[in-house]
file structure20.txt (compact mmCIF, C-alpha atoms)
# COMPACT_ATOMS: atom_id res chain seq x y z
CA MET D 7 43.31 92.92 7.12
CA PRO D 8 46.22 92.20 4.81
CA LYS D 9 48.54 95.15 4.35
CA LYS D 10 48.34 95.27 0.58
CA MET D 11 45.30 96.11 -1.46
CA THR D 12 45.15 96.95 -5.14
CA VAL D 13 42.49 99.37 -6.38
CA LEU D 14 42.45 99.55 -10.17
CA GLY D 15 40.29 101.06 -12.88
CA GLY D 16 37.28 99.18 -14.16
CA GLY D 17 33.52 99.29 -14.48
CA LEU D 18 30.61 99.18 -12.08
CA ALA D 19 31.25 95.56 -11.14
CA ALA D 20 34.79 96.39 -10.07
CA ALA D 21 33.52 99.32 -8.02
CA LEU D 22 31.02 97.06 -6.25
CA VAL D 23 33.72 94.49 -5.53
CA THR D 24 35.94 97.20 -4.04
CA THR D 25 33.10 98.49 -1.86
CA LEU D 26 32.23 94.99 -0.67
CA THR D 27 35.86 94.18 0.06
CA LEU D 28 36.25 97.32 2.16
CA ALA D 29 33.07 96.59 4.07
CA LEU D 30 33.88 92.95 4.80
CA SER D 31 37.52 93.52 5.71
CA GLY D 32 36.94 96.35 8.13
CA CYS D 33 39.52 98.33 6.18
CA SER D 34 39.77 101.93 7.37
CA MET D 35 40.56 103.41 3.96
CA GLU D 36 38.02 106.01 2.89
CA THR D 37 36.98 105.51 -0.74
CA THR D 38 34.45 107.58 -2.64
CA ALA D 39 33.59 108.62 -6.17
CA PRO D 40 34.08 112.25 -7.21
CA GLY D 41 30.39 112.48 -8.06
CA SER D 42 29.45 111.19 -4.61
CA ALA D 43 31.79 113.69 -2.95
CA ARG D 44 30.17 116.45 -4.98
CA GLN D 45 26.69 115.31 -4.03
CA ASP D 46 27.58 115.06 -0.33
CA ALA D 47 29.35 118.43 -0.17
CA ALA D 48 28.25 120.76 2.59
CA SER D 49 26.34 123.87 1.65
CA ASP D 50 29.37 126.02 2.49
CA ALA D 51 31.90 123.83 0.63
CA LYS D 52 34.67 125.85 -0.99
CA GLY D 53 35.64 123.75 -4.01
CA SER D 54 36.33 125.82 -7.12
CA PHE D 55 34.34 125.30 -10.30
CA GLY D 56 36.18 125.43 -13.59
CA ARG D 57 34.52 126.06 -16.91
CA ALA D 58 31.54 123.96 -15.92
CA ASP D 59 29.43 123.06 -12.92
CA CYS D 60 29.65 119.27 -12.95
CA ARG D 61 26.40 119.04 -10.99
CA LYS D 62 24.79 120.02 -14.29
CA ALA D 63 27.33 119.28 -17.02
CA LYS D 64 28.53 115.92 -18.36
CA CYS D 65 32.07 116.13 -17.01
CA ILE D 66 35.15 113.96 -17.38
CA ALA D 67 38.71 114.46 -16.11
CA LEU D 68 41.74 113.95 -18.34
CA THR D 69 44.85 112.93 -16.39
CA PHE D 70 48.44 112.18 -17.35
CA ASP D 71 50.94 110.14 -15.35
CA ALA D 72 54.71 109.80 -15.12
CA GLY D 73 55.85 113.01 -16.80
CA PRO D 74 56.83 115.56 -17.61
CA GLY D 75 58.77 114.26 -20.58
CA LYS D 76 60.00 115.43 -23.94
CA ASP D 77 56.48 115.27 -25.47
CA THR D 78 54.76 117.18 -22.68
CA PRO D 79 55.26 120.64 -24.27
CA LYS D 80 53.51 119.38 -27.42
CA LEU D 81 50.70 118.03 -25.26
CA LEU D 82 50.39 121.41 -23.57
CA ASP D 83 50.16 123.06 -26.98
CA ILE D 84 47.27 120.72 -27.86
CA LEU D 85 45.44 121.34 -24.59
CA LYS D 86 45.86 125.09 -24.99
CA GLU D 87 44.48 124.97 -28.52
CA LYS D 88 41.53 122.84 -27.41
CA LYS D 89 40.97 124.98 -24.28
CA VAL D 90 41.09 121.90 -22.07
CA HIS D 91 42.56 121.69 -18.58
CA ALA D 92 44.01 118.41 -17.34
CA THR D 93 45.60 116.96 -14.21
CA PHE D 94 49.28 115.97 -14.33
CA PHE D 95 50.60 113.40 -11.85
CA LEU D 96 54.34 114.07 -12.00
CA LEU D 97 57.32 111.91 -11.13
CA GLY D 98 59.99 113.66 -9.12
CA LYS D 99 63.55 112.45 -9.58
CA HIS D 100 63.99 112.15 -13.35
CA HIS D 101 61.08 114.34 -14.44
CA VAL D 102 60.28 117.33 -12.22
CA LEU D 103 64.00 117.88 -11.64
CA LYS D 104 64.78 117.46 -15.34
CA HIS D 105 61.95 119.60 -16.75
CA PRO D 106 61.25 122.43 -14.26
CA ASP D 107 60.20 124.84 -17.02
CA THR D 108 57.55 122.39 -18.21
CA VAL D 109 56.28 121.91 -14.66
CA ARG D 110 55.99 125.66 -14.30
CA ARG D 111 54.17 125.89 -17.61
CA ILE D 112 51.70 123.17 -16.56
CA GLN D 113 50.67 125.26 -13.57
CA ASP D 114 50.75 128.60 -15.37
CA GLU D 115 48.37 127.32 -18.06
CA GLY D 116 45.73 126.30 -15.54
CA HIS D 117 46.31 122.58 -15.16
CA GLU D 118 46.40 120.75 -11.84
CA VAL D 119 49.91 119.73 -10.76
CA ALA D 120 49.89 116.51 -8.73
CA ASN D 121 52.24 113.94 -7.21
CA HIS D 122 53.08 110.50 -8.69
CA THR D 123 55.96 109.73 -6.28
CA TRP D 124 59.70 110.26 -6.56
CA THR D 125 60.80 107.10 -8.41
CA HIS D 126 57.54 105.20 -9.12
CA LYS D 127 58.04 102.64 -6.37
CA ILE D 128 55.03 100.47 -5.57
CA LEU D 129 54.13 102.07 -2.27
CA THR D 130 52.43 99.02 -0.78
CA ASP D 131 55.75 97.15 -1.04
CA GLU D 132 57.61 99.78 0.97
CA GLU D 133 58.11 100.54 4.64
CA PRO D 134 56.48 103.71 6.04
CA ASP D 135 59.66 105.82 5.92
CA ALA D 136 60.21 104.93 2.27
CA ILE D 137 56.57 105.68 1.40
CA ARG D 138 56.84 109.07 3.07
CA ALA D 139 60.09 109.84 1.24
CA GLU D 140 58.62 108.90 -2.15
CA LEU D 141 55.78 111.36 -1.64
CA GLU D 142 57.48 114.09 0.36
CA LYS D 143 60.49 114.51 -1.95
CA THR D 144 58.15 115.12 -4.87
CA GLN D 145 56.08 117.56 -2.82
CA VAL D 146 59.20 119.56 -2.05
CA ALA D 147 60.52 119.46 -5.63
CA ILE D 148 57.21 120.66 -7.09
CA GLU D 149 56.84 123.39 -4.49
CA LYS D 150 60.31 124.71 -5.33
CA VAL D 151 59.27 125.08 -8.97
CA THR D 152 55.66 126.24 -8.64
CA GLY D 153 55.48 127.75 -5.17
CA LYS D 154 52.69 125.31 -4.23
CA LYS D 155 52.56 121.79 -2.83
CA PRO D 156 50.28 119.39 -4.69
CA ARG D 157 47.03 118.33 -3.04
CA LEU D 158 46.56 115.16 -5.10
CA MET D 159 48.63 112.04 -5.60
CA ARG D 160 48.25 108.87 -7.64
CA PRO D 161 49.88 105.73 -6.24
CA PRO D 162 51.83 103.81 -8.89
CA GLN D 163 49.71 101.01 -10.39
CA GLY D 164 46.84 102.24 -8.22
CA ARG D 165 48.18 100.24 -5.28
CA THR D 166 47.28 101.64 -1.90
CA ASP D 167 46.54 100.46 1.63
CA ASP D 168 45.97 101.81 5.14
CA THR D 169 49.60 102.82 5.59
CA VAL D 170 49.75 104.70 2.28
CA SER D 171 46.44 106.37 3.07
CA GLY D 172 47.62 107.45 6.51
CA ILE D 173 50.85 108.95 5.21
CA SER D 174 48.98 110.65 2.37
CA LYS D 175 46.67 112.22 4.91
CA GLU D 176 49.64 113.48 6.96
CA LEU D 177 51.09 115.09 3.83
CA GLY D 178 47.81 116.69 2.79
CA LEU D 179 47.38 114.44 -0.26
CA SER D 180 44.20 112.91 -1.64
CA GLN D 181 44.57 109.72 -3.68
CA VAL D 182 43.15 109.66 -7.21
CA LEU D 183 42.51 106.49 -9.19
CA TRP D 184 40.73 106.17 -12.54
CA SER D 185 37.89 104.65 -14.55
CA ALA D 186 39.32 104.61 -18.10
CA THR D 187 42.77 103.54 -19.24
CA ALA D 188 44.24 102.97 -22.68
CA LYS D 189 47.11 100.82 -21.36
CA ASP D 190 49.22 103.09 -23.53
CA TYR D 191 52.38 101.61 -22.02
CA SER D 192 51.66 98.53 -24.14
CA THR D 193 51.03 100.12 -27.56
CA ASN D 194 52.14 103.01 -29.76
CA ASP D 195 48.97 102.76 -31.86
CA SER D 196 47.34 106.18 -31.39
CA ALA D 197 44.08 105.07 -33.02
CA LEU D 198 43.83 102.15 -30.59
CA ILE D 199 44.58 104.42 -27.63
CA THR D 200 41.81 106.76 -28.77
CA LYS D 201 39.33 103.92 -29.21
CA ARG D 202 40.05 102.42 -25.80
CA ILE D 203 39.47 105.72 -24.03
CA VAL D 204 36.34 106.64 -26.00
CA ASP D 205 34.88 103.18 -25.35
CA GLN D 206 35.45 103.50 -21.59
CA ALA D 207 34.41 107.13 -21.18
CA SER D 208 31.62 107.85 -18.70
CA LYS D 209 30.11 110.82 -16.89
CA ASP D 210 32.23 111.79 -13.87
CA GLY D 211 34.96 109.48 -15.13
CA ILE D 212 38.72 109.91 -14.80
CA ILE D 213 40.89 109.08 -17.83
CA LEU D 214 44.41 107.73 -17.25
CA LEU D 215 47.05 108.35 -19.93
CA HIS D 216 50.85 108.74 -19.91
CA ASP D 217 52.51 111.65 -21.68
CA ILE D 218 55.82 109.74 -21.85
CA TYR D 219 54.82 107.14 -24.46
CA LYS D 220 55.14 107.63 -28.20
CA GLY D 221 51.53 106.97 -29.20
CA THR D 222 49.77 108.90 -26.47
CA VAL D 223 50.14 112.60 -27.25
CA PRO D 224 49.09 112.10 -30.92
CA ALA D 225 45.93 110.39 -29.64
CA VAL D 226 44.84 113.30 -27.45
CA PRO D 227 43.23 115.54 -30.12
CA GLY D 228 41.00 112.69 -31.29
CA ILE D 229 40.03 111.81 -27.73
CA ILE D 230 39.08 115.40 -26.96
CA ASP D 231 37.21 115.99 -30.20
CA THR D 232 35.24 112.74 -30.03
CA LEU D 233 34.20 113.13 -26.41
CA GLN D 234 33.31 116.80 -26.82
CA LYS D 235 31.04 115.85 -29.72
CA ASP D 236 29.41 113.38 -27.33
CA GLY D 237 28.67 116.20 -24.90
CA TYR D 238 31.55 115.88 -22.47
CA THR D 239 33.22 118.81 -20.76
CA PHE D 240 36.83 118.31 -19.66
CA VAL D 241 37.75 119.43 -16.15
CA THR D 242 40.53 118.89 -13.63
CA VAL D 243 40.04 116.33 -10.87
CA PRO D 244 39.27 118.95 -8.18
CA GLU D 245 36.80 120.64 -10.55
CA LEU D 246 35.12 117.25 -11.09
CA MET D 247 34.19 117.05 -7.41
CA ALA D 248 33.41 120.75 -6.82
CA PRO D 249 31.95 122.20 -4.68
CA ALA D 250 33.51 119.45 -2.55
CA VAL D 251 37.24 119.80 -1.94
CA PRO D 252 39.71 116.88 -2.04
CA GLU D 253 40.11 115.38 1.42
CA PRO D 254 43.64 114.29 2.36
CA GLY D 255 44.01 110.51 2.62
CA THR D 256 40.72 109.77 0.87
CA ILE D 257 40.79 107.57 -2.23
CA TYR D 258 38.78 109.01 -5.13
CA ARG D 259 37.73 106.40 -7.65
CA PRO D 260 34.84 106.72 -10.13
call {"tool": "encode", "arguments": {"input": "structure20.txt", "output": "structure tokens"}}
result
Amino acid sequence: MPKKMTVLGGGLAAALVTTLTLALSGCSMETTAPGSARQDAASDAKGSFGRADCRKAKCIALTFDAGPGKDTPKLLDILKEKKVHATFFLLGKHHVLKHPDTVRRIQDEGHEVANHTWTHKILTDEEPDAIRAELEKTQVAIEKVTGKKPRLMRPPQGRTDDTVSGISKELGLSQVLWSATAKDYSTNDSALITKRIVDQASKDGIILLHDIYKGTVPAVPGIIDTLQKDGYTFVTVPELMAPAVPEPGTIYRP
């Protein structure tokens, strides 16, 4: 099969296309939805539940990429006030190293700390040693701050392939994609960001936002309030699939 494959957010049709592509190509990448992982979990699975059992509750995961940045402390204030836990996919070189106190606070306040590479290189364009360095440097940097290595990673632009999956597995990292995105890199309109996420929200979905753009953090209270009124419970990505546990190398995509 070709080396490169892009797996991006979308609806049911996109999910079916991805499944068909994997089946026809003989690609060895393992892809599953968090809800499917939860359903297929063994009776003795050890995944930790958060504030809800997503086998019964209408759950959704709120995730943030490419931080921490200057607005992340304000975001953490909002999440604390709303009693919501999120998953943060952090960049290493200019973010984890620059804002170690914020990284520590993310973990201390009950959020999931995850890996978004060292410098946001498109991993499918890189050689294996460079892929490993992008992921491993961030693992080391986060562990120095928090005392723990992340168990999740998000490949930049959602681009992954067999090589990325194999290296992720070696490093103990599951790959997490998404089902809802505001494309907040393209607009500072907080109302539009809110609308895009609310319109795309779905049970067992994963929301992608960036806490480094001007319009995003102001949109978060409205997103949380609107979706909670619609019956959603916010959880971290591992809590979304509990009692299953994230499997290294596997791609999780709603």
call {"tool": "closest_residue", "arguments": {"input": "structure20.txt", "among": "D:Val243, D:Val119, D:Ile199, D:Ala39", "to": "Pro224 of chain D", "atoms": "all atoms listed in the file"}}
result
D:Ile199
call {"tool": "closest_residue", "arguments": {"input": "structure20.txt", "among": "D:Ser185, D:Thr38, D:Ser54, D:Ser192", "to": "Ile66 of chain D", "atoms": "all atoms listed in the file"}}
result
D:Ser185
call {"tool": "residues_around", "arguments": {"input": "structure20.txt", "residues": "Glu253 of chain D", "least_positions_apart": "3", "cutoff": "8 Å", "atoms": "all atoms listed in the file", "output": "PyMOL selection string"}}
result
chain D and resi 178-180+256
call {"tool": "atom_distance", "arguments": {"input": "structure20.txt", "atom1": "atom CA of His101 of chain D", "atom2": "atom CA of Val182 of chain D"}}
result
19.9 Å
call {"tool": "atom_distance", "arguments": {"input": "structure20.txt", "atom1": "atom CA of His91 of chain D", "atom2": "atom CA of Ile173 of chain D"}}
result
28.2 Å
call {"tool": "residues_near_point", "arguments": {"input": "structure20.txt", "point": "(47.0, 112.0, -29.4)", "cutoff": "12 Å", "atoms": "only C-alpha atoms", "output": "PyMOL selection string"}}
result
chain D and resi 77-78+80-85+188+190+194-201+203+215-232
call {"tool": "closest_residue", "arguments": {"input": "structure20.txt", "among": "D:Leu183, D:Ala207, D:Ala72, D:Ala139", "to": "Gln234 of chain D", "atoms": "all atoms listed in the file"}}
result
D:Ala207
call {"tool": "residues_near_point", "arguments": {"input": "structure20.txt", "point": "(23.8, 116.1, -4.7)", "cutoff": "12 Å", "atoms": "all atoms listed in the file", "output": "PyMOL selection string"}}
result
chain D and resi 40-49+60-62+247-250
call {"tool": "closest_residue", "arguments": {"input": "structure20.txt", "among": "D:Glu87, D:Gly98, D:Ile148, D:Arg111", "to": "Trp124 of chain D", "atoms": "all atoms listed in the file"}}
result
D:Gly98
call {"tool": "closest_residue", "arguments": {"input": "structure20.txt", "among": "D:Gln181, D:Thr93, D:Thr187, D:Thr193", "to": "Asp205 of chain D", "atoms": "all atoms listed in the file"}}
result
D:Thr187
call {"tool": "atom_distance", "arguments": {"input": "structure20.txt", "atom1": "atom CA of Arg110 of chain D", "atom2": "atom CA of Thr152 of chain D"}}
result
5.7 Å
call {"tool": "build_atoms", "arguments": {"input": "structure20.txt", "residues": "segment 173-206 of chain D", "atoms": "N, CA and C atoms", "output": "short mmCIF file (atom, residue, chain, number, x, y, z; two decimals), in the coordinates of the input"}}
result
data_model
loop_
_atom_site.label_atom_id
_atom_site.label_comp_id
_atom_site.auth_asym_id
_atom_site.auth_seq_id
_atom_site.Cartn_x
_atom_site.Cartn_y
_atom_site.Cartn_z
N ILE D 173 49.75 108.05 5.53
CA ILE D 173 50.85 108.95 5.21
C ILE D 173 50.39 110.04 4.24
N SER D 174 49.55 109.66 3.29
CA SER D 174 48.98 110.65 2.37
C SER D 174 48.21 111.71 3.14
N LYS D 175 47.45 111.27 4.10
CA LYS D 175 46.67 112.22 4.91
C LYS D 175 47.60 113.17 5.66
N GLU D 176 48.67 112.64 6.24
CA GLU D 176 49.64 113.48 6.96
C GLU D 176 50.24 114.55 6.05
N LEU D 177 50.45 114.18 4.79
CA LEU D 177 51.09 115.09 3.83
C LEU D 177 50.10 115.97 3.09
N GLY D 178 48.82 115.85 3.42
CA GLY D 178 47.81 116.69 2.79
C GLY D 178 47.43 116.25 1.39
N LEU D 179 47.60 114.96 1.09
CA LEU D 179 47.38 114.44 -0.26
C LEU D 179 46.16 113.53 -0.34
N SER D 180 45.28 113.82 -1.27
CA SER D 180 44.20 112.91 -1.64
C SER D 180 44.74 111.93 -2.68
N GLN D 181 44.14 110.74 -2.73
CA GLN D 181 44.57 109.72 -3.68
C GLN D 181 43.54 109.63 -4.82
N VAL D 182 44.04 109.63 -6.05
CA VAL D 182 43.15 109.66 -7.21
C VAL D 182 43.42 108.46 -8.10
N LEU D 183 42.40 107.63 -8.30
CA LEU D 183 42.51 106.49 -9.19
C LEU D 183 41.81 106.83 -10.50
N TRP D 184 41.23 105.90 -11.19
CA TRP D 184 40.73 106.17 -12.54
C TRP D 184 39.64 105.20 -12.92
N SER D 185 38.96 105.51 -14.03
CA SER D 185 37.89 104.65 -14.55
C SER D 185 38.13 104.23 -15.99
N ALA D 186 39.05 104.92 -16.68
CA ALA D 186 39.32 104.61 -18.10
C ALA D 186 40.82 104.65 -18.33
N THR D 187 41.35 103.59 -18.92
CA THR D 187 42.77 103.54 -19.24
C THR D 187 42.99 102.94 -20.61
N ALA D 188 43.93 103.49 -21.35
CA ALA D 188 44.24 102.97 -22.68
C ALA D 188 45.34 101.91 -22.64
N LYS D 189 45.93 101.69 -21.46
CA LYS D 189 47.11 100.82 -21.36
C LYS D 189 48.13 101.24 -22.42
N ASP D 190 48.36 102.55 -22.49
CA ASP D 190 49.22 103.09 -23.53
C ASP D 190 50.69 102.74 -23.35
N TYR D 191 51.03 102.13 -22.22
CA TYR D 191 52.38 101.61 -22.02
C TYR D 191 52.62 100.37 -22.87
N SER D 192 51.54 99.79 -23.41
CA SER D 192 51.66 98.53 -24.14
C SER D 192 51.50 98.69 -25.65
N THR D 193 51.23 99.92 -26.13
CA THR D 193 51.03 100.12 -27.56
C THR D 193 51.40 101.54 -27.96
N ASN D 194 51.91 101.69 -29.19
CA ASN D 194 52.14 103.01 -29.76
C ASN D 194 51.08 103.37 -30.79
N ASP D 195 50.04 102.57 -30.88
CA ASP D 195 48.97 102.76 -31.86
C ASP D 195 48.01 103.85 -31.35
N SER D 196 48.15 105.06 -31.87
CA SER D 196 47.34 106.18 -31.39
C SER D 196 45.85 105.96 -31.62
N ALA D 197 45.49 105.33 -32.74
CA ALA D 197 44.08 105.07 -33.02
C ALA D 197 43.50 104.10 -31.99
N LEU D 198 44.29 103.11 -31.60
CA LEU D 198 43.83 102.15 -30.59
C LEU D 198 43.70 102.82 -29.23
N ILE D 199 44.66 103.68 -28.89
CA ILE D 199 44.58 104.42 -27.63
C ILE D 199 43.31 105.26 -27.59
N THR D 200 43.03 105.95 -28.69
CA THR D 200 41.81 106.76 -28.77
C THR D 200 40.57 105.91 -28.57
N LYS D 201 40.51 104.79 -29.29
CA LYS D 201 39.33 103.92 -29.21
C LYS D 201 39.12 103.39 -27.79
N ARG D 202 40.18 102.97 -27.16
CA ARG D 202 40.05 102.42 -25.80
C ARG D 202 39.49 103.45 -24.84
N ILE D 203 39.97 104.69 -24.93
CA ILE D 203 39.47 105.72 -24.03
C ILE D 203 38.03 106.09 -24.35
N VAL D 204 37.71 106.28 -25.60
CA VAL D 204 36.34 106.64 -26.00
C VAL D 204 35.37 105.55 -25.57
N ASP D 205 35.76 104.30 -25.72
CA ASP D 205 34.88 103.18 -25.35
C ASP D 205 34.62 103.13 -23.85
N GLN D 206 35.58 103.58 -23.06
CA GLN D 206 35.45 103.50 -21.59
C GLN D 206 34.95 104.80 -20.96
#
